[in-house]
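A.B. asks: The structure file run28.cif (mmCIF, C-alpha atoms and all ligand atoms) is provided below.
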```cif
data_coords
#
loop_
_atom_site.label_atom_id
_atom_site.label_comp_id
_atom_site.auth_asym_id
_atom_site.auth_seq_id
_atom_site.Cartn_x
_atom_site.Cartn_y
_atom_site.Cartn_z
CA MET E 1 64.62 84.14 73.45
CA GLU E 2 63.30 82.87 76.80
CA VAL E 3 65.62 82.18 79.73
CA ARG E 4 64.32 79.92 82.48
CA ILE E 5 65.52 80.98 85.90
CA GLY E 6 65.79 79.07 89.15
CA ILE E 7 66.07 81.31 92.23
CA ILE E 8 67.70 79.83 95.33
CA GLY E 9 66.80 81.72 98.52
CA ALA E 10 63.21 82.91 98.86
CA LYS E 11 63.43 85.78 101.32
CA PHE E 12 64.52 89.41 101.11
CA ALA E 13 66.94 89.35 98.15
CA GLY E 14 65.02 86.52 96.44
CA ASP E 15 61.91 88.67 96.58
CA PHE E 16 63.43 91.83 95.13
CA HIS E 17 65.16 89.79 92.42
CA ALA E 18 61.79 88.22 91.51
CA GLN E 19 60.12 91.65 91.41
CA SER E 20 62.93 92.95 89.19
CA TRP E 21 62.85 89.87 86.92
CA SER E 22 59.18 90.64 86.22
CA TRP E 23 60.39 93.69 84.24
CA VAL E 24 62.80 91.69 82.09
CA PRO E 25 61.33 90.58 78.74
CA GLY E 26 61.95 86.88 78.09
CA ALA E 27 62.83 86.03 81.70
CA LYS E 28 60.73 83.30 83.30
CA ILE E 29 61.14 82.28 86.93
CA ASP E 30 60.58 78.56 86.60
CA ALA E 31 61.61 77.32 90.06
CA ILE E 32 62.35 78.37 93.62
CA ALA E 33 64.41 76.47 96.19
CA ASP E 34 64.57 77.23 99.90
CA ILE E 35 64.98 75.04 102.99
CA ASP E 36 62.24 76.99 104.75
CA LYS E 37 58.77 75.68 103.79
CA LYS E 38 56.84 78.85 104.58
CA SER E 39 59.28 81.08 102.68
CA ARG E 40 59.37 78.93 99.54
CA GLU E 41 55.60 78.41 99.43
CA ASN E 42 54.86 82.07 100.04
CA PHE E 43 57.40 83.05 97.36
CA ALA E 44 55.92 80.62 94.82
CA SER E 45 52.42 81.90 95.45
CA VAL E 46 53.33 85.63 95.32
CA HIS E 47 55.54 85.33 92.23
CA LYS E 48 53.50 82.54 90.54
CA VAL E 49 56.43 80.13 90.30
CA PRO E 50 55.45 76.63 89.09
CA LYS E 51 58.19 74.47 90.66
CA ILE E 52 59.11 74.45 94.33
CA TYR E 53 62.17 72.61 95.70
CA ASP E 54 63.13 72.05 99.34
CA ASP E 55 66.79 71.44 98.42
CA TYR E 56 68.90 73.51 96.02
CA LYS E 57 70.50 70.32 94.67
CA LYS E 58 67.11 69.25 93.29
CA LEU E 59 66.79 72.58 91.47
CA LEU E 60 70.27 72.11 89.98
CA LYS E 61 69.17 68.73 88.56
CA ASP E 62 66.19 70.30 86.78
CA PRO E 63 67.10 70.23 83.04
CA GLU E 64 64.67 73.04 82.27
CA ILE E 65 66.62 75.63 84.31
CA ASP E 66 69.12 77.68 82.26
CA LEU E 67 70.22 80.26 84.81
CA VAL E 68 70.53 79.93 88.58
CA ASP E 69 70.06 83.11 90.63
CA ILE E 70 71.65 82.71 94.08
CA CYS E 71 70.02 84.83 96.81
CA LEU E 72 71.37 82.84 99.78
CA PRO E 73 73.23 83.92 102.92
CA ASN E 74 76.88 84.77 102.18
CA PHE E 75 78.45 81.56 103.52
CA LEU E 76 76.55 79.50 100.90
CA HIS E 77 77.59 81.58 97.88
CA ALA E 78 80.76 79.61 97.08
CA GLU E 79 79.31 76.14 97.71
CA VAL E 80 76.15 76.68 95.66
CA THR E 81 77.89 78.61 92.85
CA ILE E 82 80.40 75.79 92.44
CA ALA E 83 77.69 73.11 92.51
CA ALA E 84 75.58 75.04 89.98
CA MET E 85 78.45 75.56 87.52
CA LYS E 86 79.42 71.89 87.84
CA ALA E 87 75.78 71.02 87.06
CA GLY E 88 76.12 72.97 83.79
CA LYS E 89 74.18 76.07 84.84
CA ASP E 90 75.04 79.72 84.30
CA VAL E 91 75.03 81.58 87.61
CA ILE E 92 74.11 84.97 89.03
CA CYS E 93 75.28 85.35 92.63
CA GLU E 94 74.51 88.12 95.09
CA LYS E 95 77.37 89.93 96.80
CA PRO E 96 79.83 89.13 98.32
CA PHE E 97 81.63 86.79 95.93
CA ALA E 98 82.43 84.47 98.90
CA THR E 99 83.14 84.81 102.61
CA THR E 100 86.84 83.90 102.43
CA LEU E 101 89.56 84.42 99.83
CA GLU E 102 90.17 80.65 99.67
CA ASP E 103 86.51 80.03 98.77
CA GLY E 104 86.63 82.89 96.28
CA GLU E 105 89.69 81.41 94.55
CA ARG E 106 87.85 78.05 94.29
CA VAL E 107 84.81 79.69 92.69
CA ALA E 108 87.00 81.51 90.13
CA ALA E 109 88.90 78.28 89.35
CA VAL E 110 85.69 76.26 88.82
CA GLN E 111 84.29 79.01 86.60
CA LYS E 112 87.42 78.77 84.40
CA GLU E 113 87.28 74.95 84.37
CA THR E 114 83.58 74.67 83.49
CA GLY E 115 83.35 77.73 81.22
CA GLN E 116 79.88 78.49 82.56
CA LYS E 117 78.83 82.12 82.56
CA TYR E 118 79.15 83.77 85.96
CA PHE E 119 77.57 87.11 86.87
CA TYR E 120 78.72 88.98 89.98
CA ALA E 121 75.58 90.86 91.03
CA GLU E 122 76.94 94.31 91.89
CA ASP E 123 73.81 96.35 91.30
CA TRP E 124 75.56 99.74 91.70
CA ILE E 125 77.22 99.17 88.32
CA PHE E 126 73.71 99.40 86.83
CA ALA E 127 72.18 102.13 89.02
CA PRO E 128 71.03 104.75 86.47
CA ALA E 129 72.53 107.74 88.35
CA LEU E 130 75.90 105.99 88.64
CA VAL E 131 75.79 104.93 84.97
CA ARG E 132 75.22 108.60 84.06
CA ALA E 133 78.01 109.67 86.44
CA LYS E 134 80.41 107.24 84.73
CA ASN E 135 79.40 108.55 81.30
CA LEU E 136 80.09 112.13 82.48
CA LEU E 137 83.47 111.07 83.84
CA ASP E 138 84.32 109.34 80.56
CA GLU E 139 83.29 112.51 78.68
CA GLY E 140 85.75 114.51 80.84
CA ALA E 141 83.06 116.63 82.53
CA ILE E 142 85.01 116.94 85.81
CA GLY E 143 88.51 116.54 84.40
CA LYS E 144 90.99 114.01 85.70
CA ILE E 145 89.83 112.05 88.75
CA LEU E 146 91.57 112.97 92.00
CA TYR E 147 89.50 111.44 94.76
CA LEU E 148 86.43 109.19 95.00
CA LYS E 149 84.33 108.61 98.08
CA GLY E 150 81.46 106.13 98.53
CA LYS E 151 79.37 104.68 101.30
CA GLU E 152 76.44 102.44 102.04
CA VAL E 153 75.20 102.74 105.62
CA HIS E 154 72.09 101.79 107.59
CA ASN E 155 71.07 100.57 111.03
CA GLY E 156 71.89 96.85 110.74
CA SER E 157 71.02 93.76 108.74
CA HIS E 158 67.71 91.99 109.40
CA SER E 159 69.25 88.59 108.61
CA PRO E 160 70.22 86.32 111.56
CA PHE E 161 73.19 85.19 109.41
CA ALA E 162 74.65 88.71 109.59
CA GLN E 163 75.51 88.29 113.28
CA LYS E 164 78.27 85.68 112.90
CA ILE E 165 81.50 86.09 110.93
CA LYS E 166 81.47 82.47 109.77
CA PHE E 167 78.11 83.09 108.07
CA CYS E 168 78.81 86.47 106.47
CA GLY E 169 82.60 86.85 106.29
CA GLY E 170 82.74 90.01 108.46
CA GLY E 171 80.46 92.91 109.34
CA SER E 172 79.29 96.13 107.71
CA LEU E 173 82.33 96.35 105.45
CA ILE E 174 81.79 93.08 103.57
CA HIS E 175 78.02 93.55 103.62
CA LEU E 176 77.69 97.23 102.70
CA ALA E 177 81.03 98.78 101.66
CA VAL E 178 81.19 95.92 99.14
CA HIS E 179 78.96 98.11 96.90
CA PRO E 180 81.16 101.23 96.59
CA ILE E 181 84.20 98.95 96.37
CA GLY E 182 82.56 97.02 93.51
CA PHE E 183 81.55 100.24 91.74
CA PHE E 184 84.99 101.89 92.10
CA HIS E 185 86.66 98.64 90.97
CA HIS E 186 84.38 98.77 87.89
CA LEU E 187 85.64 102.35 87.24
CA LEU E 188 89.32 102.06 88.12
CA GLY E 189 90.34 98.40 88.53
CA MET E 190 92.66 97.29 91.33
CA PRO E 191 94.32 99.68 93.80
CA VAL E 192 98.02 99.25 94.59
CA SER E 193 97.65 99.56 98.36
CA VAL E 194 94.96 99.56 101.03
CA ILE E 195 94.57 100.90 104.57
CA GLY E 196 91.63 99.86 106.76
CA LYS E 197 90.07 100.73 110.10
CA CYS E 198 87.06 98.98 111.64
CA SER E 199 85.26 98.85 114.97
CA GLY E 200 86.37 95.82 116.97
CA GLY E 201 83.31 93.56 116.79
CA GLY E 202 81.15 92.40 119.74
CA GLU E 203 81.56 94.55 122.87
CA LEU E 204 84.01 96.75 120.94
CA ASN E 205 81.38 97.74 118.41
CA MET E 206 79.77 101.16 118.54
CA VAL E 207 76.14 99.98 118.64
CA HIS E 208 75.74 96.27 117.79
CA LYS E 209 77.40 94.56 120.77
CA LYS E 210 76.07 91.10 119.87
CA MET E 211 77.36 91.20 116.31
CA GLU E 212 80.71 89.45 115.85
CA GLY E 213 81.73 91.53 112.82
CA GLU E 214 82.39 95.29 112.79
CA ASP E 215 79.49 97.74 112.78
CA TRP E 216 81.68 100.49 111.31
CA GLY E 217 84.39 100.03 108.67
CA LEU E 218 86.44 102.31 106.45
CA GLY E 219 88.97 101.62 103.70
CA ILE E 220 91.43 103.93 101.91
CA LEU E 221 92.41 102.57 98.50
CA SER E 222 95.39 104.12 96.69
CA TYR E 223 95.83 103.79 92.93
CA ALA E 224 99.02 103.77 90.87
CA ASP E 225 98.13 107.11 89.17
CA GLY E 226 97.74 108.88 92.54
CA THR E 227 93.93 108.64 92.76
CA GLU E 228 92.71 108.12 96.32
CA VAL E 229 89.44 106.37 97.19
CA THR E 230 87.60 106.04 100.50
CA VAL E 231 84.85 103.47 101.08
CA GLU E 232 82.64 103.08 104.12
CA GLY E 233 80.03 100.64 105.38
CA ASN E 234 78.36 101.07 108.75
CA TYR E 235 75.40 99.82 110.78
CA ILE E 236 75.20 102.85 113.06
CA THR E 237 73.06 105.02 110.78
CA ARG E 238 69.49 105.87 111.73
CA GLY E 239 66.82 107.10 109.33
CA GLY E 240 67.02 104.65 106.42
CA MET E 241 69.70 103.32 104.10
CA ASP E 242 72.04 106.06 102.86
CA ASP E 243 74.01 105.38 99.67
CA VAL E 244 76.20 108.27 98.53
CA VAL E 245 79.00 108.64 96.00
CA GLU E 246 81.18 111.73 95.55
CA LEU E 247 83.68 112.11 92.72
CA TYR E 248 86.27 114.91 92.73
CA GLY E 249 88.15 115.89 89.58
CA THR E 250 90.62 118.55 88.44
CA HIS E 251 87.79 120.51 86.74
CA GLY E 252 84.71 119.77 88.76
CA ARG E 253 82.91 117.41 91.11
CA LEU E 254 79.94 115.13 91.03
CA THR E 255 77.73 113.76 93.79
CA VAL E 256 75.15 110.99 93.64
CA ASP E 257 72.58 110.61 96.41
CA MET E 258 71.11 107.24 95.50
CA THR E 259 68.61 106.67 98.28
CA PHE E 260 67.43 110.13 99.33
CA GLY E 261 67.87 112.00 96.08
CA ASN E 262 64.30 111.61 94.86
CA PRO E 263 61.60 114.26 94.39
CA LEU E 264 58.93 112.70 96.67
CA ASN E 265 58.39 114.14 100.17
CA VAL E 266 55.59 112.94 102.47
CA PHE E 267 54.24 114.30 105.74
CA SER E 268 52.12 111.62 107.46
CA MET E 269 50.67 111.85 110.98
CA LYS E 270 49.81 108.17 111.24
CA GLY E 271 52.60 106.69 109.13
CA TYR E 272 52.38 104.25 106.22
CA GLY E 273 53.72 100.87 105.09
CA TYR E 274 57.16 101.30 103.54
CA ALA E 275 59.42 104.30 103.03
CA ILE E 276 62.92 103.08 102.26
CA GLU E 277 65.09 100.10 103.22
CA LYS E 278 65.83 100.16 106.97
CA ALA E 279 63.76 103.28 107.68
CA ASP E 280 63.03 103.47 111.43
CA PHE E 281 59.45 104.79 111.08
CA THR E 282 57.21 106.55 108.58
CA GLN E 283 55.53 109.30 110.63
CA GLY E 284 56.18 112.99 110.13
CA TRP E 285 58.21 114.11 107.12
CA THR E 286 59.71 111.21 105.15
CA LYS E 287 61.26 110.69 101.76
CA PRO E 288 59.99 107.34 100.45
CA ALA E 289 61.82 105.56 97.66
CA VAL E 290 60.07 106.03 94.33
CA ASP E 291 61.33 102.90 92.59
CA GLU E 292 64.14 101.26 94.57
CA HIS E 293 64.52 98.37 92.14
CA GLN E 294 65.26 100.82 89.37
CA THR E 295 67.34 103.42 91.27
CA LEU E 296 69.54 100.77 92.92
CA GLY E 297 70.10 99.08 89.55
CA TYR E 298 68.44 95.66 90.03
CA LYS E 299 66.15 95.81 87.00
CA ASP E 300 68.88 96.85 84.53
CA GLU E 301 71.35 94.45 86.16
CA LEU E 302 69.13 91.39 85.71
CA ARG E 303 68.12 92.44 82.18
CA HIS E 304 71.80 92.73 81.28
CA PHE E 305 72.60 89.28 82.71
CA LYS E 306 69.67 87.72 80.83
CA GLU E 307 70.85 89.34 77.58
CA CYS E 308 74.37 87.99 78.19
CA VAL E 309 72.96 84.46 78.56
CA THR E 310 71.09 84.74 75.26
CA GLY E 311 74.14 86.29 73.56
CA GLU E 312 72.31 89.57 72.84
CA THR E 313 75.02 91.59 74.57
CA GLU E 314 78.60 91.46 75.86
CA GLN E 315 79.07 91.11 79.65
CA ILE E 316 80.02 94.41 81.29
CA ARG E 317 83.33 94.88 83.10
CA GLY E 318 83.01 94.55 86.87
CA THR E 319 80.62 91.59 86.82
CA TYR E 320 82.93 88.68 85.89
CA ALA E 321 84.12 86.10 88.42
CA GLU E 322 87.60 87.73 88.43
CA ASP E 323 85.93 91.03 89.37
CA GLY E 324 84.03 89.47 92.28
CA LEU E 325 87.30 87.94 93.44
CA ASN E 326 89.16 91.26 93.14
CA VAL E 327 86.52 92.99 95.26
CA LEU E 328 86.96 90.25 97.86
CA LYS E 329 90.77 90.77 97.76
CA ILE E 330 90.27 94.48 98.50
CA ILE E 331 87.94 93.69 101.42
CA ASP E 332 90.40 91.11 102.75
CA ALA E 333 93.20 93.71 102.54
CA ILE E 334 91.11 96.26 104.50
CA TYR E 335 90.54 93.66 107.24
CA ARG E 336 94.22 92.69 107.32
CA SER E 337 95.27 96.33 107.52
CA ASN E 338 92.85 96.89 110.40
CA GLN E 339 94.25 93.85 112.24
CA THR E 340 97.93 94.66 111.69
CA GLY E 341 97.79 98.46 111.73
CA LYS E 342 99.78 98.41 108.49
CA GLN E 343 99.21 99.43 104.89
CA ILE E 344 98.68 96.35 102.68
CA VAL E 345 100.36 96.36 99.27
CA LEU E 346 98.37 94.39 96.70
N1 LIG G 1 72.55 93.70 96.35
C1 LIG G 1 71.96 94.12 97.44
O1 LIG G 1 71.75 95.30 97.62
C2 LIG G 1 71.53 93.13 98.49
C3 LIG G 1 70.56 93.49 99.42
C4 LIG G 1 70.18 92.53 100.36
C5 LIG G 1 70.77 91.29 100.38
N2 LIG G 1 71.74 90.98 99.47
C6 LIG G 1 72.42 89.67 99.49
O2 LIG G 1 71.46 88.65 99.24
C7 LIG G 1 71.79 87.48 99.98
C8 LIG G 1 70.57 87.00 100.74
O3 LIG G 1 70.23 87.98 101.66
P1 LIG G 1 68.77 88.03 102.33
O4 LIG G 1 68.73 89.34 103.01
O5 LIG G 1 67.74 87.66 101.33
O6 LIG G 1 68.91 86.87 103.40
P2 LIG G 1 67.72 86.18 104.20
O7 LIG G 1 68.34 85.61 105.42
O8 LIG G 1 66.58 87.14 104.29
O9 LIG G 1 67.23 84.97 103.22
C9 LIG G 1 68.02 83.87 102.94
C10 LIG G 1 67.11 82.73 102.49
O10 LIG G 1 67.95 81.61 102.19
C11 LIG G 1 67.34 80.43 102.72
N3 LIG G 1 68.34 79.40 102.94
C12 LIG G 1 69.27 79.32 103.92
N4 LIG G 1 70.03 78.21 103.76
C13 LIG G 1 69.57 77.58 102.64
C14 LIG G 1 69.96 76.41 101.93
N5 LIG G 1 70.96 75.63 102.35
N6 LIG G 1 69.27 76.06 100.82
C15 LIG G 1 68.23 76.80 100.39
N7 LIG G 1 67.81 77.93 101.03
C16 LIG G 1 68.49 78.33 102.12
C17 LIG G 1 66.69 80.90 104.00
O11 LIG G 1 65.68 79.98 104.42
C18 LIG G 1 66.14 82.27 103.58
O12 LIG G 1 64.83 82.15 103.05
C19 LIG G 1 72.97 87.85 100.88
O13 LIG G 1 74.14 87.32 100.35
C20 LIG G 1 73.01 89.35 100.85
O14 LIG G 1 74.34 89.84 100.95
C21 LIG G 1 72.10 91.87 98.52
#
```
Would you write out, as structure tokens, the structure that this file holds?
C.D. replies:
Amino acid sequence: MEVRIGIIGAKFAGDFHAQSWSWVPGAKIDAIADIDKKSRENFASVHKVPKIYDDYKKLLKDPEIDLVDICLPNFLHAEVTIAAMKAGKDVICEKPFATTLEDGERVAAVQKETGQKYFYAEDWIFAPALVRAKNLLDEGAIGKILYLKGKEVHNGSHSPFAQKIKFCGGGSLIHLAVHPIGFFHHLLGMPVSVIGKCSGGGELNMVHKKMEGEDWGLGILSYADGTEVTVEGNYITRGGMDDVVELYGTHGRLTVDMTFGNPLNVFSMKGYGYAIEKADFTQGWTKPAVDEHQTLGYKDELRHFKECVTGETEQIRGTYAEDGLNVLKIIDAIYRSNQTGKQIVL
């Protein structure tokens, strides 16, 4: 069964979603909306999209669109998700769920009211190496979980919206640590308490003095059964995006190197086009991504969401609106702990 998709936001995330959609049988990108003329026209031409809108509200009125895929800056996630669900559309929205808890609560309430399907796009839940890691955990390969550790780090977001808290909701924690938090929430559910520490933003940041949000952030999440979890997101890391998960159990341990754990090594004297997200340069020895859209989970994620819309499969835990909201509650608790110097009980 075909699902007709309208993507809103034609730049970085819009582009990798479109590339990933091209692998999903029965998915047709029918429309693109973006306020920027050059971006939307370029997107439509590259991805061969028939309908182009200059305003997302026009796309929401299009009766031929079944599923809206929101690839907009963070501060628009709540507004556009709510408008789309009220217009009778099912929605996929990029992380984070919203930029404030209040907005997040409104999104979850409207989802309940309208009954539209909502898909929280945490791609790590679908990354093949992490899926395999979860299966090994479930099989008991490393015994009972004791401690989990996860990070996403790189040298800073390209988006101008990432510089201001009102546009993105914070800094590296809400932008990057949102992934390990989303994945660990998928594995374990909600922690009982949270401790957080972040760089101070602006002049108090380690590297990015013009960025209002933190450029380094760490959270410690404690679970009722004694499991401890640390999550980190930072913008101080040179040499390309580094996504790592480590799981420690009573009878073993497991590590996943998502971005550098591939078999391809290149030595190039003059450099080449693209190595890996946020790589500084491509000369000398490099380790280019082999298939980022697969290893980071985007292809399987979007295929799963499409199959949920057609009723071919049951939506996976960790991707519902309540899950997106829970992840936002954990992030909010890390920020509050950092501000107050206290542990936050959830
Ligand atoms: N899952 C991941 O790994 C991942 C990776 C990158 C980005 N993201 C998420 O994707 C989202 C988009 O990020 P990006 O890097 O593509 O941002 P971007 O700034 O590159 O692109 C945003 C696009 O939205 C358009 N836009 C802005 N306001 C609009 C409006 N009112 N109506 C229509 N279009 C509008 C802009 O013109 C731009 O083309 C963010 O929420 C980000 O967190 C997720």
A.B. asks: Quick check, in Å to one decimal: how far apart do atom CA of E:Ala87 and atom CA of E:Ala109 lie?
C.D. replies: 15.2 Å
A.B. asks: Which polymer residues have any atom within 7 Å of an atom of stretch 200-216 of chain E, counting only C-alpha atoms, with same-chain residues fewer than 2 positions away left out, as a list in words?
C.D. replies: Gln163, Lys164, Ile165, Gly170, Gly171, Ser172, Cys198, Gly233, Asn234, Tyr235 and Ile236 of chain E
A.B. asks: Residues at most 10 Å from E:His17, counting all atoms listed in the file, excluding those fewer than 4 positions away in the same chain, as a PyMOL selection string?
C.D. replies: chain E and resi 7+10-13+21-22+69-71+94+293+298-299+301-302
A.B. asks: For ligand LIG 1 (chain G), list the contacting residues at 8 Å or closer, counting all atoms listed in the file, as a PyMOL selection string.
C.D. replies: chain E and resi 8-15+33-36+39-40+54-56+70-77+94-96+121-123+157-161+168+175+179+296+298
A.B. asks: Contacts of E:Phe183 at 8 Å or less, counting all atoms listed in the file, minus same-chain residues fewer than 2 places along, as JSON, numbers by chain?
C.D. replies: {"E": [122, 124, 125, 179, 180, 181, 185, 186, 187, 318]}
A.B. asks: Hey, which of E:Phe119, E:Tyr223, E:Tyr53, E:Phe267 ends up closest to E:Cys308? Count only C-alpha atoms.
C.D. replies: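 The answer is E:Phe119, which sits nearest to E:Cys308.
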A.B. asks: Residues at most 10 Å from E:Glu314, counting all atoms listed in the file, excluding those fewer than 6 positions away in the same chain, as a PDB file with C-alpha atoms, in the coordinates of the input?
C.D. replies:
```pdb
ATOM      1  CA  HIS E 304      71.800  92.730  81.280  1.00  0.00           C
ATOM      2  CA  PHE E 305      72.600  89.280  82.710  1.00  0.00           C
ATOM      3  CA  GLU E 307      70.850  89.340  77.580  1.00  0.00           C
ATOM      4  CA  CYS E 308      74.370  87.990  78.190  1.00  0.00           C
TER       5      CYS E 308
END
```
A.B. asks: For E:Ala321, please output as a list in words all residues within 8 Å (counting all atoms listed in the file; exclusion window: fewer than 3 positions along the same chain).
C.D. replies: Phe97, Val107, Ala108, Gln111, Tyr118, Phe119, Tyr120, Gly324 and Leu325 of chain E
A.B. asks: Just write the chosen residues, C-alpha atoms, as an mmCIF file, keeping the file's coordinate frame.
C.D. replies:
```cif
data_model
loop_
_atom_site.group_PDB
_atom_site.id
_atom_site.type_symbol
_atom_site.label_atom_id
_atom_site.label_comp_id
_atom_site.auth_asym_id
_atom_site.auth_seq_id
_atom_site.Cartn_x
_atom_site.Cartn_y
_atom_site.Cartn_z
ATOM 1 C CA PHE E 97 81.630 86.790 95.930
ATOM 2 C CA VAL E 107 84.810 79.690 92.690
ATOM 3 C CA ALA E 108 87.000 81.510 90.130
ATOM 4 C CA GLN E 111 84.290 79.010 86.600
ATOM 5 C CA TYR E 118 79.150 83.770 85.960
ATOM 6 C CA PHE E 119 77.570 87.110 86.870
ATOM 7 C CA TYR E 120 78.720 88.980 89.980
ATOM 8 C CA GLY E 324 84.030 89.470 92.280
ATOM 9 C CA LEU E 325 87.300 87.940 93.440
#
```
A.B. asks: Could you jot down the atom CA of E:Pro288 to atom CA of E:Asn135 separation for me, Å, one decimal place?
C.D. replies: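 According to the coordinates, atom CA of E:Pro288 and atom CA of E:Asn135 are separated by 27.3 Å.
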A.B. asks: What is the atom CA of E:Phe167-atom CA of E:Leu101 distance in Å, reported with one decimal?
C.D. replies: 14.2 Å
A.B. asks: Have a look at E:Ala333, E:Arg253, E:Ile344, E:Gln315 and name the one nearest to E:Leu136; count only C-alpha atoms.
C.D. replies: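 Ranked by minimum distance to E:Leu136, first place goes to E:Arg253.
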A.B. asks: Of the candidates E:Ala279, E:Ile65, E:Ala127, E:Ala141, which one gets nearest to E:Val153 if we count only C-alpha atoms?
C.D. replies: E:Ala279
A.B. asks: Given the choices E:Trp285, E:Phe260, E:Tyr335, E:Tyr248, which gets closest to E:Leu146 if the distance is worked out from all atoms listed in the file?
C.D. replies: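 Among the listed residues, E:Tyr248 lies closest to E:Leu146.
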A.B. asks: Tell me which of E:Gln294, E:Lys278, E:His251, E:Asp103 sits closest to E:Gly140, counting all atoms listed in the file.
C.D. replies: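 For E:Gly140, the nearest of the given residues is E:His251.
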A.B. asks: Counting only C-alpha atoms, which of E:Ile145, E:Val192, E:Ala224, E:Met241 gets nearest to E:Leu176?
C.D. replies: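 Among E:Ile145, E:Val192, E:Ala224, E:Met241, it is E:Met241 that comes nearest to E:Leu176.
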A.B. asks: Please return as a PDB file with C-alpha atoms, keeping the file's coordinate frame every residue within 7 Å of (83.8, 86.8, 104.3), taking into account only C-alpha atoms and the file's own coordinates.
C.D. replies:
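This went into out.pdb:
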```pdb
ATOM      1  CA  ALA E  98      82.430  84.470  98.900  1.00  0.00           C
ATOM      2  CA  THR E  99      83.140  84.810 102.610  1.00  0.00           C
ATOM      3  CA  THR E 100      86.840  83.900 102.430  1.00  0.00           C
ATOM      4  CA  CYS E 168      78.810  86.470 106.470  1.00  0.00           C
ATOM      5  CA  GLY E 169      82.600  86.850 106.290  1.00  0.00           C
ATOM      6  CA  GLY E 170      82.740  90.010 108.460  1.00  0.00           C
ATOM      7  CA  ILE E 174      81.790  93.080 103.570  1.00  0.00           C
TER       8      ILE E 174
END
```
A.B. asks: Using all atoms listed in the file, what residues lie at most 10 Å away from (93.4, 109.6, 97.1) (file coordinates), given as a count of residues only?
C.D. replies: 16
A.B. asks: Just write stretch 97-109 of chain E with N, CA and C atoms, as a compact mmCIF listing (two decimals), in the first residue's frame, taken from the block above.
C.D. replies:
```txt
# COMPACT_ATOMS: atom_id res chain seq x y z
N PHE E 97 11.45 16.21 21.00
CA PHE E 97 9.99 16.21 20.96
C PHE E 97 9.45 17.64 20.89
N ALA E 98 10.04 18.53 21.71
CA ALA E 98 9.70 19.96 21.73
C ALA E 98 10.84 20.67 22.43
N THR E 99 10.79 22.00 22.49
CA THR E 99 11.90 22.71 23.15
C THR E 99 11.60 23.01 24.62
N THR E 100 10.33 22.91 25.03
CA THR E 100 10.00 23.10 26.45
C THR E 100 9.03 21.99 26.87
N LEU E 101 9.02 21.74 28.19
CA LEU E 101 8.10 20.71 28.70
C LEU E 101 6.65 21.09 28.45
N GLU E 102 6.34 22.40 28.59
CA GLU E 102 4.95 22.86 28.38
C GLU E 102 4.51 22.53 26.95
N ASP E 103 5.37 22.85 25.97
CA ASP E 103 5.04 22.54 24.57
C ASP E 103 4.90 21.03 24.38
N GLY E 104 5.79 20.28 25.01
CA GLY E 104 5.74 18.82 24.90
C GLY E 104 4.44 18.27 25.43
N GLU E 105 3.99 18.79 26.58
CA GLU E 105 2.71 18.33 27.16
C GLU E 105 1.58 18.63 26.20
N ARG E 106 1.63 19.80 25.53
CA ARG E 106 0.55 20.16 24.58
C ARG E 106 0.54 19.19 23.40
N VAL E 107 1.71 18.84 22.89
CA VAL E 107 1.77 17.90 21.76
C VAL E 107 1.15 16.56 22.17
N ALA E 108 1.55 16.06 23.36
CA ALA E 108 1.04 14.76 23.81
C ALA E 108 -0.48 14.81 24.00
N ALA E 109 -0.98 15.95 24.51
CA ALA E 109 -2.43 16.08 24.73
C ALA E 109 -3.18 16.09 23.40
```
